[in-house]
$ cat data-v2.cif   # mmCIF, C-alpha atoms
data_upload
loop_
_atom_site.label_atom_id
_atom_site.label_comp_id
_atom_site.auth_asym_id
_atom_site.auth_seq_id
_atom_site.Cartn_x
_atom_site.Cartn_y
_atom_site.Cartn_z
CA MET A 1 -21.63 64.22 88.63
CA LYS A 2 -24.00 62.54 91.08
CA ILE A 3 -25.71 59.26 90.12
CA ILE A 4 -29.02 58.56 91.81
CA THR A 5 -29.98 54.90 92.03
CA GLU A 6 -31.09 52.12 94.38
CA SER A 7 -31.70 48.39 94.20
CA GLN A 8 -35.44 48.69 94.94
CA CYS A 9 -36.11 49.77 91.36
CA SER A 10 -34.86 46.36 90.17
CA GLY A 11 -37.44 44.53 92.26
CA TYR A 12 -40.02 43.88 89.57
CA SER A 13 -39.97 42.25 86.14
CA LYS A 14 -42.07 40.43 83.58
CA PRO A 15 -40.63 37.56 81.50
CA GLY A 16 -39.86 38.68 77.95
CA HIS A 17 -40.44 42.36 78.68
CA PRO A 18 -37.61 44.60 77.40
CA GLU A 19 -37.74 46.97 80.40
CA THR A 20 -35.63 44.76 82.68
CA PRO A 21 -33.92 45.17 86.07
CA GLU A 22 -30.58 44.54 84.36
CA ARG A 23 -30.89 47.88 82.59
CA ILE A 24 -30.14 49.51 85.93
CA SER A 25 -27.87 46.97 87.64
CA ARG A 26 -25.51 46.53 84.68
CA SER A 27 -25.34 50.27 84.03
CA ALA A 28 -24.55 51.03 87.67
CA GLU A 29 -21.84 48.36 87.72
CA HIS A 30 -20.28 49.80 84.56
CA LEU A 31 -20.25 53.34 85.94
CA ARG A 32 -18.68 52.20 89.21
CA VAL A 33 -15.60 50.79 87.47
CA GLN A 34 -14.86 53.77 85.23
CA PRO A 35 -11.25 54.90 85.77
CA ASP A 36 -10.28 58.45 86.76
CA TRP A 37 -13.84 59.54 87.42
CA ASP A 38 -14.86 60.45 90.95
CA LEU A 39 -18.61 59.96 90.70
CA GLU A 40 -20.86 60.66 93.66
CA TRP A 41 -23.71 58.30 94.44
CA GLY A 42 -27.04 59.12 96.03
CA SER A 43 -30.50 57.74 96.70
CA PRO A 44 -33.97 58.94 95.71
CA THR A 45 -35.77 61.38 97.94
CA GLU A 46 -39.28 60.93 99.33
CA VAL A 47 -41.88 62.75 97.23
CA PRO A 48 -45.17 63.89 98.79
CA ASP A 49 -48.46 63.77 96.92
CA SER A 50 -48.50 67.56 96.70
CA ILE A 51 -45.56 67.44 94.30
CA LEU A 52 -47.00 64.56 92.26
CA LEU A 53 -50.34 66.33 91.92
CA ARG A 54 -48.80 69.26 90.08
CA ALA A 55 -48.44 66.89 87.11
CA HIS A 56 -51.07 64.18 87.66
CA ASP A 57 -54.72 63.93 88.57
CA ARG A 58 -55.58 62.22 91.83
CA SER A 59 -57.34 59.52 89.80
CA LEU A 60 -53.98 58.37 88.39
CA LEU A 61 -52.42 58.07 91.85
CA ASP A 62 -55.40 56.04 93.03
CA ARG A 63 -55.26 53.82 89.94
CA LEU A 64 -51.64 52.79 90.59
CA SER A 65 -52.63 50.63 93.55
CA LEU A 66 -55.36 48.71 91.72
CA GLN A 67 -54.25 45.17 90.90
CA LYS A 68 -54.92 45.33 87.17
CA ASP A 69 -52.65 45.87 84.14
CA PHE A 70 -52.72 49.39 82.71
CA ASP A 71 -52.28 48.36 79.06
CA SER A 72 -50.61 45.58 77.09
CA ASP A 73 -47.17 47.17 77.61
CA THR A 74 -47.63 48.44 81.15
CA ALA A 75 -48.28 45.71 83.69
CA TYR A 76 -49.38 45.95 87.28
CA PHE A 77 -46.76 44.72 89.75
CA PRO A 78 -47.17 44.46 93.52
CA GLY A 79 -45.83 47.69 94.99
CA ILE A 80 -45.48 49.44 91.62
CA ASP A 81 -47.05 52.60 93.05
CA GLN A 82 -44.23 52.94 95.58
CA ILE A 83 -41.55 51.88 93.08
CA ALA A 84 -42.77 54.52 90.61
CA ARG A 85 -42.68 57.11 93.39
CA ARG A 86 -39.06 56.17 94.07
CA SER A 87 -38.25 56.74 90.40
CA VAL A 88 -39.77 60.20 90.70
CA GLY A 89 -37.65 60.63 93.83
CA GLY A 90 -34.60 59.87 91.72
CA ALA A 91 -35.46 62.70 89.35
CA ILE A 92 -35.98 65.09 92.27
CA ALA A 93 -32.66 63.99 93.80
CA ALA A 94 -30.94 64.66 90.46
CA LEU A 95 -32.50 68.14 90.52
CA ASP A 96 -31.25 68.54 94.11
CA ALA A 97 -27.70 67.75 92.98
CA THR A 98 -27.96 70.38 90.27
CA CYS A 99 -29.36 72.98 92.66
CA ALA A 100 -26.37 72.29 94.92
CA GLY A 101 -24.03 73.33 92.12
CA GLY A 102 -23.27 69.99 90.53
CA SER A 103 -25.08 67.80 88.02
CA GLY A 104 -27.38 64.83 88.62
CA PHE A 105 -28.37 61.74 86.64
CA SER A 106 -31.24 59.54 87.81
CA LEU A 107 -30.43 55.92 86.98
CA MET A 108 -33.81 54.53 87.95
CA ARG A 109 -36.75 52.60 86.58
CA PRO A 110 -39.56 52.64 85.63
CA PRO A 111 -39.17 55.37 83.00
CA GLY A 112 -41.79 58.10 82.95
CA HIS A 113 -42.11 60.23 79.83
CA HIS A 114 -45.18 58.43 78.38
CA ALA A 115 -47.30 58.83 81.52
CA THR A 116 -49.90 61.54 80.86
CA ARG A 117 -51.72 63.65 83.39
CA THR A 118 -54.39 60.97 83.76
CA ALA A 119 -52.96 57.63 82.57
CA PRO A 120 -49.91 55.35 82.85
CA MET A 121 -48.76 53.91 79.52
CA GLY A 122 -45.75 52.66 77.59
CA PHE A 123 -43.81 51.16 80.55
CA CYS A 124 -44.39 54.45 82.46
CA TYR A 125 -46.47 55.00 85.60
CA LEU A 126 -45.58 58.50 86.85
CA ASN A 127 -44.00 61.21 84.72
CA SER A 128 -40.75 61.80 86.57
CA MET A 129 -39.56 64.47 84.16
CA ALA A 130 -42.70 66.61 84.23
CA ILE A 131 -42.89 66.34 88.02
CA ALA A 132 -39.23 67.33 88.45
CA ALA A 133 -39.57 70.20 85.97
CA LEU A 134 -42.58 71.58 87.81
CA GLU A 135 -40.67 71.24 91.09
CA ALA A 136 -37.78 73.19 89.56
CA GLN A 137 -40.20 75.95 88.65
CA ALA A 138 -41.53 75.98 92.21
CA ARG A 139 -37.93 76.42 93.41
CA GLY A 140 -37.52 79.58 91.35
CA PHE A 141 -36.23 78.56 87.93
CA LYS A 142 -37.97 80.81 85.40
CA ARG A 143 -37.18 79.25 82.00
CA ILE A 144 -36.85 75.47 81.93
CA ALA A 145 -35.87 73.69 78.71
CA ILE A 146 -36.63 69.97 78.43
CA LEU A 147 -34.85 67.89 75.81
CA ASP A 148 -36.21 64.38 75.20
CA PHE A 149 -33.96 62.32 72.94
CA ASP A 150 -35.63 58.97 73.55
CA VAL A 151 -36.56 57.35 70.23
CA HIS A 152 -40.23 57.38 71.32
CA HIS A 153 -42.15 60.64 71.59
CA GLY A 154 -42.38 62.08 75.09
CA ASN A 155 -46.13 62.38 74.77
CA GLY A 156 -46.80 62.40 78.50
CA THR A 157 -44.37 65.22 79.24
CA GLU A 158 -45.91 67.18 76.38
CA ASP A 159 -49.43 66.47 77.65
CA ILE A 160 -48.57 67.87 81.08
CA LEU A 161 -46.48 70.88 80.04
CA VAL A 162 -48.04 72.07 76.77
CA ASP A 163 -48.64 75.84 76.89
CA GLN A 164 -47.41 76.00 80.48
CA PRO A 165 -45.55 79.31 80.92
CA GLY A 166 -41.86 79.01 81.63
CA PHE A 167 -41.28 75.71 79.80
CA ALA A 168 -39.96 74.73 76.38
CA PHE A 169 -40.11 71.06 75.40
CA ALA A 170 -38.30 69.48 72.44
CA SER A 171 -38.63 65.81 71.52
CA VAL A 172 -36.59 64.10 68.80
CA HIS A 173 -38.12 60.71 68.09
CA ALA A 174 -39.12 58.24 65.40
CA THR A 175 -42.49 57.45 63.90
CA GLY A 176 -44.37 54.66 65.61
CA TYR A 177 -45.33 54.26 69.25
CA PRO A 178 -47.01 56.23 70.78
CA PHE A 179 -48.12 57.54 67.35
CA SER A 180 -47.94 61.19 68.37
CA GLY A 181 -45.50 64.06 68.05
CA LYS A 182 -45.75 64.46 64.30
CA GLU A 183 -46.07 68.24 64.57
CA HIS A 184 -45.25 70.99 67.03
CA ARG A 185 -47.94 71.48 69.65
CA GLY A 186 -49.04 74.63 71.39
CA ALA A 187 -46.62 77.50 71.77
CA ASN A 188 -43.87 75.59 73.58
CA CYS A 189 -43.70 71.95 72.44
CA PHE A 190 -41.44 71.23 69.47
CA ASN A 191 -41.41 67.82 67.83
CA TYR A 192 -38.91 66.39 65.35
CA CYS A 193 -40.38 63.15 64.05
CA MET A 194 -38.02 60.96 62.03
CA PRO A 195 -38.97 58.02 59.79
CA GLY A 196 -37.66 54.53 60.38
CA ASN A 197 -34.10 53.86 59.23
CA THR A 198 -33.25 57.55 59.08
CA ARG A 199 -29.68 58.22 57.98
CA ARG A 200 -27.49 58.80 61.00
CA GLU A 201 -26.42 62.25 59.82
CA ASP A 202 -30.05 63.29 59.32
CA TYR A 203 -30.99 62.15 62.81
CA ILE A 204 -28.06 64.12 64.25
CA ALA A 205 -29.19 67.15 62.23
CA ALA A 206 -32.65 66.91 63.86
CA LEU A 207 -31.06 66.69 67.31
CA THR A 208 -28.99 69.76 66.45
CA ARG A 209 -32.09 71.72 65.40
CA ALA A 210 -33.90 70.77 68.59
CA ILE A 211 -30.97 71.84 70.75
CA GLU A 212 -30.63 75.13 68.91
CA ASP A 213 -34.36 75.81 69.29
CA LEU A 214 -33.99 75.30 73.03
CA ARG A 215 -30.97 77.60 73.05
CA THR A 216 -33.09 80.43 71.61
CA PHE A 217 -35.46 79.96 74.57
CA LYS A 218 -32.58 81.15 76.79
CA PRO A 219 -33.25 78.69 79.60
CA ASP A 220 -31.87 78.92 83.11
CA LEU A 221 -32.18 75.13 83.55
CA ILE A 222 -31.95 72.17 81.17
CA ALA A 223 -33.72 68.91 82.03
CA VAL A 224 -32.96 65.90 79.84
CA SER A 225 -35.11 62.82 79.27
CA ALA A 226 -32.24 60.60 78.20
CA GLY A 227 -33.44 57.62 76.20
CA PHE A 228 -30.82 55.51 74.45
CA ASP A 229 -33.05 53.53 72.09
CA ALA A 230 -32.12 55.40 68.90
CA TYR A 231 -28.89 53.38 69.10
CA HIS A 232 -28.45 51.20 66.03
CA GLY A 233 -28.54 47.96 68.01
CA ASP A 234 -31.64 48.65 70.07
CA PRO A 235 -34.34 45.98 69.66
CA LEU A 236 -37.19 48.53 69.85
CA SER A 237 -36.12 50.87 67.07
CA GLU A 238 -34.67 51.05 63.59
CA GLN A 239 -32.39 54.05 64.02
CA LYS A 240 -28.66 54.31 63.53
CA LEU A 241 -27.01 56.36 66.28
CA GLU A 242 -23.64 55.17 67.59
CA ILE A 243 -21.95 55.42 70.99
CA PRO A 244 -19.97 58.58 70.06
CA ASP A 245 -23.23 60.34 69.16
CA TYR A 246 -24.36 60.11 72.77
CA HIS A 247 -21.03 61.55 73.92
CA TRP A 248 -21.63 64.40 71.45
CA LEU A 249 -25.10 64.94 72.90
CA GLY A 250 -23.74 65.22 76.42
CA ASP A 251 -20.95 67.55 75.36
CA THR A 252 -23.34 69.75 73.36
CA ILE A 253 -25.67 70.09 76.34
CA ARG A 254 -22.67 70.87 78.58
CA GLN A 255 -21.80 73.79 76.32
CA PHE A 256 -24.96 75.61 77.40
CA GLN A 257 -23.03 76.18 80.65
CA ILE A 258 -26.19 76.33 82.74
CA PRO A 259 -27.56 73.96 85.42
CA THR A 260 -28.53 70.57 83.97
CA PHE A 261 -29.97 67.33 85.25
CA SER A 262 -30.89 64.15 83.38
CA ILE A 263 -33.04 61.09 83.95
CA LEU A 264 -33.00 57.70 82.25
CA GLU A 265 -35.95 56.93 80.00
CA GLY A 266 -35.61 54.14 77.42
CA GLY A 267 -32.75 52.14 75.96
CA TYR A 268 -32.98 48.36 75.72
CA SER A 269 -29.83 47.10 74.03
CA ALA A 270 -27.01 45.22 75.73
CA MET A 271 -24.89 48.32 75.12
CA LEU A 272 -26.96 50.54 77.43
CA PRO A 273 -24.19 50.82 80.07
CA GLU A 274 -21.70 52.04 77.45
CA LEU A 275 -24.25 54.45 75.96
CA ILE A 276 -25.04 56.00 79.34
CA THR A 277 -21.34 56.28 80.14
CA ALA A 278 -20.62 58.00 76.84
CA TYR A 279 -23.41 60.53 77.44
CA LEU A 280 -22.28 61.27 80.99
CA HIS A 281 -18.64 61.57 79.90
CA GLY A 282 -19.72 64.20 77.38
CA LEU A 283 -21.87 65.97 79.96
CA SER A 284 -18.91 66.02 82.36
CA GLY A 285 -16.43 67.30 79.78
CA LYS A 286 -14.51 64.02 79.71
CA PRO A 287 -13.28 62.44 76.46
CA LEU A 288 -14.92 59.39 74.99
CA ALA A 289 -13.67 56.31 76.83
CA THR A 290 -10.53 54.73 75.42
CA GLY A 291 -11.31 51.73 73.27
CA THR A 292 -14.75 52.92 72.17
CA GLN A 293 -15.18 52.17 68.51
CA VAL A 294 -15.75 55.41 66.62
CA PRO A 295 -17.61 54.85 63.33
CA ALA A 296 -16.79 56.69 60.16
CA GLN A 297 -18.13 60.24 60.26
CA PRO A 298 -21.16 60.96 58.06
#
$ encode --input "data-v2.cif" --output "structure tokens"
Amino acid sequence: MKIITESQCSGYSKPGHPETPERISRSAEHLRVQPDWDLEWGSPTEVPDSILLRAHDRSLLDRLSLQKDFDSDTAYFPGIDQIARRSVGGAIAALDATCAGGSGFSLMRPPGHHATRTAPMGFCYLNSMAIAALEAQARGFKRIAILDFDVHHGNGTEDILVDQPGFAFASVHATGYPFSGKEHRGANCFNYCMPGNTRREDYIAALTRAIEDLRTFKPDLIAVSAGFDAYHGDPLSEQKLEIPDYHWLGDTIRQFQIPTFSILEGGYSAMLPELITAYLHGLSGKPLATGTQVPAQP
């Protein structure tokens, strides 16, 4: 498992905003001290405009350098255009690790899955997942399955990839922001929209259906938008997943036994480092960390 990260992505913040630098720094620190786990570490790659423009209009790239907030959730920061490019570079580096025969996880910010073809939104400036998926297709992957388990709909990834041949997209999310994803869209975008305070077992059942739908697509690559905000203690959701559920997710994806890479999307609780670790342990075929509290099974 190769972790892609760098300190530059922690170089911006807004007081009171939940998408903080500590999401990355604390998670990296936690991964570095895991026992009996020889993780590799890498840095983002440089990404030329030609790769970005497969997913985004030129107008969006130009807009990133204008010194004006994008919406009430998505502020302008000095240098955010270059920082967002580095986050995309993390996703591409995670893909590189997978193409080299391993598995990659991009531990970067800002997240990306809300950014549409033409507009940043929802803490997201460039859609790292859609860009990396399109790059994977350019490298020769024929059938790319994208699983988005962030608690918020991956509307931007859907916007970019809907009805694009060679892709299947599945998003399991809750009602609420960005107020989309209530139904399937096009021939290849499958949405599983859950109400607030969904029973844990029902949420897991929706995740299972999404994964099985992607299995029937018979992909040769799995790309995961890994958001950890369906966790029961997350301040931006009302869902009930527990740490072991993220280990189960990783292990279930591992059982596809095909190339896989993942990128960090959301997740805003103090437990984010433990949640990421549980997911990556599952993805690596390692047991849940000793001492993790396992809740009663549904």
$ resolve_selection --input "data-v2.cif" --expression "the PyMOL selection byres ((chain A and resi 152) around 8)" --output "PDB file with C-alpha atoms, keeping the file's coordinate frame"
ATOM      1  CA  ASP A 150     -35.630  58.970  73.550  1.00  0.00           C
ATOM      2  CA  VAL A 151     -36.560  57.350  70.230  1.00  0.00           C
ATOM      3  CA  HIS A 153     -42.150  60.640  71.590  1.00  0.00           C
ATOM      4  CA  GLY A 154     -42.380  62.080  75.090  1.00  0.00           C
ATOM      5  CA  HIS A 173     -38.120  60.710  68.090  1.00  0.00           C
ATOM      6  CA  ALA A 174     -39.120  58.240  65.400  1.00  0.00           C
ATOM      7  CA  THR A 175     -42.490  57.450  63.900  1.00  0.00           C
ATOM      8  CA  GLY A 176     -44.370  54.660  65.610  1.00  0.00           C
ATOM      9  CA  TYR A 177     -45.330  54.260  69.250  1.00  0.00           C
ATOM     10  CA  PRO A 178     -47.010  56.230  70.780  1.00  0.00           C
TER      11      PRO A 178
END
$ closest_residue --input "data-v2.cif" --among "A:Pro120, A:Pro35, A:Pro287, A:Gly11" --to "Asp57 of chain A" --atoms "all atoms listed in the file"
A:Pro120
$ resolve_selection --input "data-v2.cif" --expression "the PyMOL selection byres ((chain A and resi 264-277) around 9)" --output "ChimeraX atom specification"
/A:18-20,23-24,26-31,34,105-113,148,150-152,224-231,233-236,242-244,246-247,262-263,278-282,288-289,292
$ resolve_selection --input "data-v2.cif" --expression "the PyMOL selection byres ((chain A and resi 207) around 12)" --output "JSON, numbers by chain"
{"A": [147, 148, 149, 150, 151, 170, 171, 172, 173, 174, 190, 191, 192, 193, 194, 200, 201, 202, 203, 204, 205, 206, 208, 209, 210, 211, 212, 213, 214, 230, 241, 245, 246, 248, 249, 250, 252, 253]}
$ write_last_selection --input "data-v2.cif" --atoms "C-alpha atoms" --output "compact mmCIF listing (two decimals), in the frame of the given file"
# COMPACT_ATOMS: atom_id res chain seq x y z
CA LEU A 147 -34.85 67.89 75.81
CA ASP A 148 -36.21 64.38 75.20
CA PHE A 149 -33.96 62.32 72.94
CA ASP A 150 -35.63 58.97 73.55
CA VAL A 151 -36.56 57.35 70.23
CA ALA A 170 -38.30 69.48 72.44
CA SER A 171 -38.63 65.81 71.52
CA VAL A 172 -36.59 64.10 68.80
CA HIS A 173 -38.12 60.71 68.09
CA ALA A 174 -39.12 58.24 65.40
CA PHE A 190 -41.44 71.23 69.47
CA ASN A 191 -41.41 67.82 67.83
CA TYR A 192 -38.91 66.39 65.35
CA CYS A 193 -40.38 63.15 64.05
CA MET A 194 -38.02 60.96 62.03
CA ARG A 200 -27.49 58.80 61.00
CA GLU A 201 -26.42 62.25 59.82
CA ASP A 202 -30.05 63.29 59.32
CA TYR A 203 -30.99 62.15 62.81
CA ILE A 204 -28.06 64.12 64.25
CA ALA A 205 -29.19 67.15 62.23
CA ALA A 206 -32.65 66.91 63.86
CA THR A 208 -28.99 69.76 66.45
CA ARG A 209 -32.09 71.72 65.40
CA ALA A 210 -33.90 70.77 68.59
CA ILE A 211 -30.97 71.84 70.75
CA GLU A 212 -30.63 75.13 68.91
CA ASP A 213 -34.36 75.81 69.29
CA LEU A 214 -33.99 75.30 73.03
CA ALA A 230 -32.12 55.40 68.90
CA LEU A 241 -27.01 56.36 66.28
CA ASP A 245 -23.23 60.34 69.16
CA TYR A 246 -24.36 60.11 72.77
CA TRP A 248 -21.63 64.40 71.45
CA LEU A 249 -25.10 64.94 72.90
CA GLY A 250 -23.74 65.22 76.42
CA THR A 252 -23.34 69.75 73.36
CA ILE A 253 -25.67 70.09 76.34
$ closest_residue --input "data-v2.cif" --among "A:Asn188, A:Gly79, A:Ala115, A:His232" --to "Leu60 of chain A" --atoms "all atoms listed in the file"
A:Ala115
$ residues_near_point --input "data-v2.cif" --point "(-29.9, 62.4, 92.9)" --cutoff "9 Å" --atoms "only C-alpha atoms" --output "list in words"
Lys2, Ile3, Ile4, Thr5, Trp41, Gly42, Ser43, Pro44, Thr45, Gly89, Gly90, Ala91, Ile92, Ala93, Ala94, Leu95, Asp96, Ala97, Thr98, Ser103, Gly104, Phe105, Ser106 and Leu107 of chain A
$ decode --input "data-v2.cif" --residues "segment 162-270 of chain A" --atoms "C-alpha atoms" --output "PDB file, in the first residue's frame"
ATOM      1  CA  VAL A 162     -22.568  10.201 -16.929  1.00  0.00           C
ATOM      2  CA  ASP A 163     -23.109   8.096 -20.073  1.00  0.00           C
ATOM      3  CA  GLN A 164     -19.377   8.005 -20.755  1.00  0.00           C
ATOM      4  CA  PRO A 165     -18.545   4.580 -22.241  1.00  0.00           C
ATOM      5  CA  GLY A 166     -16.330   2.388 -20.112  1.00  0.00           C
ATOM      6  CA  PHE A 167     -17.393   3.772 -16.718  1.00  0.00           C
ATOM      7  CA  ALA A 168     -19.829   2.680 -14.014  1.00  0.00           C
ATOM      8  CA  PHE A 169     -20.384   5.025 -11.077  1.00  0.00           C
ATOM      9  CA  ALA A 170     -22.128   4.116  -7.811  1.00  0.00           C
ATOM     10  CA  SER A 171     -22.708   6.605  -4.998  1.00  0.00           C
ATOM     11  CA  VAL A 172     -24.133   5.682  -1.594  1.00  0.00           C
ATOM     12  CA  HIS A 173     -25.057   8.858   0.237  1.00  0.00           C
ATOM     13  CA  ALA A 174     -27.635  10.575   2.418  1.00  0.00           C
ATOM     14  CA  THR A 175     -30.316  13.083   1.557  1.00  0.00           C
ATOM     15  CA  GLY A 176     -29.259  16.703   1.884  1.00  0.00           C
ATOM     16  CA  TYR A 177     -26.334  18.521   0.319  1.00  0.00           C
ATOM     17  CA  PRO A 178     -25.863  18.729  -2.646  1.00  0.00           C
ATOM     18  CA  PHE A 179     -29.564  17.785  -3.020  1.00  0.00           C
ATOM     19  CA  SER A 180     -28.952  15.439  -5.946  1.00  0.00           C
ATOM     20  CA  GLY A 181     -28.533  11.727  -6.502  1.00  0.00           C
ATOM     21  CA  LYS A 182     -32.055  10.718  -5.601  1.00  0.00           C
ATOM     22  CA  GLU A 183     -32.347   8.450  -8.644  1.00  0.00           C
ATOM     23  CA  HIS A 184     -30.080   6.624 -11.049  1.00  0.00           C
ATOM     24  CA  ARG A 185     -28.889   8.802 -13.909  1.00  0.00           C
ATOM     25  CA  GLY A 186     -28.109   7.857 -17.471  1.00  0.00           C
ATOM     26  CA  ALA A 187     -27.057   4.323 -18.287  1.00  0.00           C
ATOM     27  CA  ASN A 188     -24.074   4.142 -15.930  1.00  0.00           C
ATOM     28  CA  CYS A 189     -24.651   6.207 -12.766  1.00  0.00           C
ATOM     29  CA  PHE A 190     -26.307   4.403  -9.865  1.00  0.00           C
ATOM     30  CA  ASN A 191     -27.413   6.285  -6.775  1.00  0.00           C
ATOM     31  CA  TYR A 192     -28.454   4.913  -3.393  1.00  0.00           C
ATOM     32  CA  CYS A 193     -29.903   7.804  -1.423  1.00  0.00           C
ATOM     33  CA  MET A 194     -30.505   7.150   2.268  1.00  0.00           C
ATOM     34  CA  PRO A 195     -32.618   9.255   4.657  1.00  0.00           C
ATOM     35  CA  GLY A 196     -31.162  10.844   7.756  1.00  0.00           C
ATOM     36  CA  ASN A 197     -30.642   8.543  10.739  1.00  0.00           C
ATOM     37  CA  THR A 198     -30.812   5.422   8.592  1.00  0.00           C
ATOM     38  CA  ARG A 199     -30.385   2.221  10.583  1.00  0.00           C
ATOM     39  CA  ARG A 200     -26.809   1.029  10.367  1.00  0.00           C
ATOM     40  CA  GLU A 201     -27.794  -2.332   8.899  1.00  0.00           C
ATOM     41  CA  ASP A 202     -29.865  -0.624   6.192  1.00  0.00           C
ATOM     42  CA  TYR A 203     -26.989   1.644   5.238  1.00  0.00           C
ATOM     43  CA  ILE A 204     -24.678  -1.375   4.990  1.00  0.00           C
ATOM     44  CA  ALA A 205     -27.289  -3.125   2.844  1.00  0.00           C
ATOM     45  CA  ALA A 206     -27.241  -0.164   0.421  1.00  0.00           C
ATOM     46  CA  LEU A 207     -23.444  -0.285   0.275  1.00  0.00           C
ATOM     47  CA  THR A 208     -23.674  -4.006  -0.450  1.00  0.00           C
ATOM     48  CA  ARG A 209     -26.133  -3.425  -3.313  1.00  0.00           C
ATOM     49  CA  ALA A 210     -23.903  -0.751  -4.814  1.00  0.00           C
ATOM     50  CA  ILE A 211     -20.845  -2.989  -4.652  1.00  0.00           C
ATOM     51  CA  GLU A 212     -22.714  -5.895  -6.199  1.00  0.00           C
ATOM     52  CA  ASP A 213     -23.994  -3.667  -9.005  1.00  0.00           C
ATOM     53  CA  LEU A 214     -20.416  -2.668  -9.750  1.00  0.00           C
ATOM     54  CA  ARG A 215     -19.382  -6.324  -9.676  1.00  0.00           C
ATOM     55  CA  THR A 216     -21.859  -7.113 -12.464  1.00  0.00           C
ATOM     56  CA  PHE A 217     -20.130  -4.420 -14.560  1.00  0.00           C
ATOM     57  CA  LYS A 218     -17.052  -6.696 -14.532  1.00  0.00           C
ATOM     58  CA  PRO A 219     -14.532  -3.880 -14.134  1.00  0.00           C
ATOM     59  CA  ASP A 220     -10.813  -4.149 -14.741  1.00  0.00           C
ATOM     60  CA  LEU A 221     -10.143  -1.260 -12.317  1.00  0.00           C
ATOM     61  CA  ILE A 222     -11.883   0.003  -9.177  1.00  0.00           C
ATOM     62  CA  ALA A 223     -11.507   3.644  -8.135  1.00  0.00           C
ATOM     63  CA  VAL A 224     -12.847   4.616  -4.719  1.00  0.00           C
ATOM     64  CA  SER A 225     -13.931   8.056  -3.521  1.00  0.00           C
ATOM     65  CA  ALA A 226     -13.461   7.301   0.152  1.00  0.00           C
ATOM     66  CA  GLY A 227     -15.449   9.665   2.341  1.00  0.00           C
ATOM     67  CA  PHE A 228     -15.718   8.842   6.032  1.00  0.00           C
ATOM     68  CA  ASP A 229     -18.563  11.157   7.017  1.00  0.00           C
ATOM     69  CA  ALA A 230     -21.253   8.476   7.326  1.00  0.00           C
ATOM     70  CA  TYR A 231     -19.513   7.638  10.614  1.00  0.00           C
ATOM     71  CA  HIS A 232     -21.869   8.057  13.559  1.00  0.00           C
ATOM     72  CA  GLY A 233     -19.771  10.791  15.169  1.00  0.00           C
ATOM     73  CA  ASP A 234     -19.285  12.986  12.118  1.00  0.00           C
ATOM     74  CA  PRO A 235     -20.497  16.569  12.627  1.00  0.00           C
ATOM     75  CA  LEU A 236     -21.784  16.874   9.040  1.00  0.00           C
ATOM     76  CA  SER A 237     -24.094  13.869   8.953  1.00  0.00           C
ATOM     77  CA  GLU A 238     -26.646  11.895  10.903  1.00  0.00           C
ATOM     78  CA  GLN A 239     -25.627   8.387   9.890  1.00  0.00           C
ATOM     79  CA  LYS A 240     -24.537   5.492  12.053  1.00  0.00           C
ATOM     80  CA  LEU A 241     -21.589   3.629  10.549  1.00  0.00           C
ATOM     81  CA  GLU A 242     -18.865   2.401  12.914  1.00  0.00           C
ATOM     82  CA  ILE A 243     -15.126   1.888  12.513  1.00  0.00           C
ATOM     83  CA  PRO A 244     -15.473  -1.854  11.690  1.00  0.00           C
ATOM     84  CA  ASP A 245     -17.834  -0.990   8.825  1.00  0.00           C
ATOM     85  CA  TYR A 246     -15.019   0.825   7.048  1.00  0.00           C
ATOM     86  CA  HIS A 247     -12.749  -2.183   7.532  1.00  0.00           C
ATOM     87  CA  TRP A 248     -15.525  -4.294   5.983  1.00  0.00           C
ATOM     88  CA  LEU A 249     -15.726  -1.884   3.048  1.00  0.00           C
ATOM     89  CA  GLY A 250     -12.008  -2.167   2.383  1.00  0.00           C
ATOM     90  CA  ASP A 251     -12.044  -5.939   2.689  1.00  0.00           C
ATOM     91  CA  THR A 252     -15.080  -6.256   0.400  1.00  0.00           C
ATOM     92  CA  ILE A 253     -13.401  -4.138  -2.274  1.00  0.00           C
ATOM     93  CA  ARG A 254     -10.213  -6.207  -1.882  1.00  0.00           C
ATOM     94  CA  GLN A 255     -12.190  -9.337  -2.701  1.00  0.00           C
ATOM     95  CA  PHE A 256     -12.728  -8.108  -6.260  1.00  0.00           C
ATOM     96  CA  GLN A 257      -9.050  -9.047  -6.702  1.00  0.00           C
ATOM     97  CA  ILE A 258      -8.501  -6.443  -9.403  1.00  0.00           C
ATOM     98  CA  PRO A 259      -6.405  -3.232  -9.423  1.00  0.00           C
ATOM     99  CA  THR A 260      -7.761  -0.619  -7.004  1.00  0.00           C
ATOM    100  CA  PHE A 261      -6.861   2.889  -5.937  1.00  0.00           C
ATOM    101  CA  SER A 262      -8.597   5.215  -3.490  1.00  0.00           C
ATOM    102  CA  ILE A 263      -8.656   8.917  -2.716  1.00  0.00           C
ATOM    103  CA  LEU A 264      -9.816  10.773   0.380  1.00  0.00           C
ATOM    104  CA  GLU A 265     -12.994  12.796   0.022  1.00  0.00           C
ATOM    105  CA  GLY A 266     -14.892  13.823   3.179  1.00  0.00           C
ATOM    106  CA  GLY A 267     -14.800  12.821   6.826  1.00  0.00           C
ATOM    107  CA  TYR A 268     -14.715  15.483   9.532  1.00  0.00           C
ATOM    108  CA  SER A 269     -14.795  13.731  12.894  1.00  0.00           C
ATOM    109  CA  ALA A 270     -11.880  13.454  15.306  1.00  0.00           C
TER     110      ALA A 270
END
